Amino acid sequence: MVEERGLNPFNVEVREELETLDNQLDELKSYEELCLDVEAVNMLTKVVKAQKDWLSEEASVFYADPAFIEYKLRKMSTKAIVELFMRTWRPIACLEEISREKLIEAIEYWNHLKPLESRWSKFTGGYKPREYVDFEELKRQGIIVDETFYSNLEKILNELKEACKTQRSVSYWSFISSESFEETVKRAYMLSFLLTYGYAELKKIPLRDDYTIAPRERIESKAPSESLPISVDYERWRELSGGGSFGGSHARKS
């Protein structure tokens, strides 16, 4: 399961498994049983190697499990957290007190400014009073989302449920991959909303550049949310689809 399905190798208790094999060694009678015992030991060595590779990969990207960090912080005293913060704090900006001369200069500048109407006409040809924006314009600019968005969201969720009928989860990349790059980006975008709203869950597959996704019943979680950026670029889409084009004059997106 570690090799074929990308199961977290640390879910396997190697020490306990070796102790079990050691206790049963005297009970093995046949040549076939001994061969199975050797095969089991060989599989455990592969698990240990997978643990080493998993740690090396996460160490290379300075990965830290959020749950582990939260656990460590809860164990630390307030004083220790403050001392650690003060040792690592590197402010990137500072604020100095404004002088009396600069304050007078600012007041004089403000008092000598021309009225907004005359300054606005320099750039726009005249001051225009505020106007109301209608509903259609707000939808066109993407400020208000219409019902089509939610119907597309429901369609993606139903597709995910259908794909997971025979298995618990599916590959993230295989699920979002489509015939065109534009549609692939759109599916990834819609899926991100399902994850944010809690209708789907995503898990990283150790030692692979892939994730598993699965539908779930929406649960109101009180735990702090986590953000996981996933880049969907054109070259990755070509690898997934075996090459292809937009079928038009679309520009590349990332």
# chains A, B, ... in the order shown; residues from 1 in each chain; ligands from 1
call {"tool": "residues_around", "arguments": {"residues": "stretch 16-30 of chain A", "least_positions_apart": "3", "cutoff": "9 Å", "atoms": "only C-alpha atoms", "output": "ChimeraX atom specification"}}
result
/A:12-13,33-35,37,40-41,44
call {"tool": "residues_around", "arguments": {"residues": "A:Tyr199", "least_positions_apart": "2", "cutoff": "8 Å", "atoms": "only C-alpha atoms", "output": "list in words"}}
result
Leu157, Leu194, Leu195, Thr196, Tyr197, Glu201, Pro215, Arg216, Glu217 and Arg218 of chain A
call {"tool": "write_last_selection", "arguments": {"atoms": "N, CA and C atoms", "output": "short mmCIF file (atom, residue, chain, number, x, y, z; two decimals), in the first residue's frame"}}
result
data_model
loop_
_atom_site.label_atom_id
_atom_site.label_comp_id
_atom_site.auth_asym_id
_atom_site.auth_seq_id
_atom_site.Cartn_x
_atom_site.Cartn_y
_atom_site.Cartn_z
N LEU A 157 -19.26 18.94 -8.23
CA LEU A 157 -19.43 18.09 -7.04
C LEU A 157 -20.05 16.75 -7.40
N LEU A 194 -15.18 24.14 -3.77
CA LEU A 194 -15.71 22.98 -3.04
C LEU A 194 -14.87 22.68 -1.81
N LEU A 195 -13.54 22.81 -1.96
CA LEU A 195 -12.65 22.57 -0.83
C LEU A 195 -12.83 23.66 0.24
N THR A 196 -12.96 24.91 -0.19
CA THR A 196 -13.13 26.01 0.75
C THR A 196 -14.45 25.90 1.51
N TYR A 197 -15.52 25.51 0.79
CA TYR A 197 -16.83 25.40 1.42
C TYR A 197 -16.97 24.13 2.27
N GLU A 201 -12.48 17.12 0.34
CA GLU A 201 -11.24 17.15 1.11
C GLU A 201 -10.08 16.76 0.21
N PRO A 215 -15.25 13.54 -2.06
CA PRO A 215 -16.39 14.33 -1.56
C PRO A 215 -16.66 14.01 -0.10
N ARG A 216 -17.33 14.90 0.59
CA ARG A 216 -17.69 14.64 1.98
C ARG A 216 -18.89 15.50 2.34
N GLU A 217 -19.54 15.10 3.42
CA GLU A 217 -20.64 15.91 3.93
C GLU A 217 -20.06 17.17 4.55
N ARG A 218 -20.67 18.29 4.25
CA ARG A 218 -20.14 19.56 4.75
C ARG A 218 -20.23 19.63 6.26
#
call {"tool": "residues_around", "arguments": {"residues": "stretch 159-170 of chain A", "least_positions_apart": "5", "cutoff": "12 Å", "atoms": "only C-alpha atoms", "output": "ChimeraX atom specification"}}
result
/A:5,152-154,175-176,187,190-191,194-195,199-205,210-217
call {"tool": "write_last_selection", "arguments": {"atoms": "C-alpha atoms", "output": "PDB file, in the first residue's frame"}}
result
ATOM      1  CA  ARG A   5      -1.147   3.837  -3.246  1.00  0.00           C
ATOM      2  CA  ASN A 152     -21.447  24.684 -12.308  1.00  0.00           C
ATOM      3  CA  LEU A 153     -20.238  24.142  -8.752  1.00  0.00           C
ATOM      4  CA  GLU A 154     -22.921  21.524  -8.177  1.00  0.00           C
ATOM      5  CA  PHE A 175      -9.902  14.810 -12.034  1.00  0.00           C
ATOM      6  CA  ILE A 176      -9.242  18.368 -13.172  1.00  0.00           C
ATOM      7  CA  ARG A 187     -12.251  22.824 -13.135  1.00  0.00           C
ATOM      8  CA  MET A 190     -14.389  25.360  -9.205  1.00  0.00           C
ATOM      9  CA  LEU A 191     -12.829  22.562  -7.156  1.00  0.00           C
ATOM     10  CA  LEU A 194     -15.713  22.977  -3.044  1.00  0.00           C
ATOM     11  CA  LEU A 195     -12.646  22.573  -0.826  1.00  0.00           C
ATOM     12  CA  TYR A 199     -17.786  19.785   0.378  1.00  0.00           C
ATOM     13  CA  ALA A 200     -14.526  18.028  -0.576  1.00  0.00           C
ATOM     14  CA  GLU A 201     -11.242  17.155   1.115  1.00  0.00           C
ATOM     15  CA  LEU A 202      -7.732  17.122  -0.320  1.00  0.00           C
ATOM     16  CA  LYS A 203      -4.717  15.156   0.936  1.00  0.00           C
ATOM     17  CA  LYS A 204      -1.082  15.206  -0.192  1.00  0.00           C
ATOM     18  CA  ILE A 205       0.330  11.914  -1.472  1.00  0.00           C
ATOM     19  CA  ASP A 210      -0.134  14.646  -6.612  1.00  0.00           C
ATOM     20  CA  TYR A 211      -3.045  14.822  -4.189  1.00  0.00           C
ATOM     21  CA  THR A 212      -6.182  12.794  -3.521  1.00  0.00           C
ATOM     22  CA  ILE A 213      -9.613  14.394  -3.450  1.00  0.00           C
ATOM     23  CA  ALA A 214     -12.874  12.978  -2.166  1.00  0.00           C
ATOM     24  CA  PRO A 215     -16.387  14.334  -1.565  1.00  0.00           C
ATOM     25  CA  ARG A 216     -17.689  14.636   1.980  1.00  0.00           C
ATOM     26  CA  GLU A 217     -20.636  15.912   3.926  1.00  0.00           C
TER      27      GLU A 217
END
call {"tool": "atom_distance", "arguments": {"atom1": "atom CA of A:Phe181", "atom2": "atom CA of A:Trp237"}}
result
6.4 Å
call {"tool": "residues_around", "arguments": {"residues": "A:Ser241", "least_positions_apart": "4", "cutoff": "9 Å", "atoms": "only C-alpha atoms", "output": "list in words"}}
result
Ser177, Ser178, Glu179, Ser180, Arg236 and Trp237 of chain A
call {"tool": "atom_distance", "arguments": {"atom1": "atom CA of A:Ser231", "atom2": "atom CA of A:Lys52"}}
result
26.5 Å
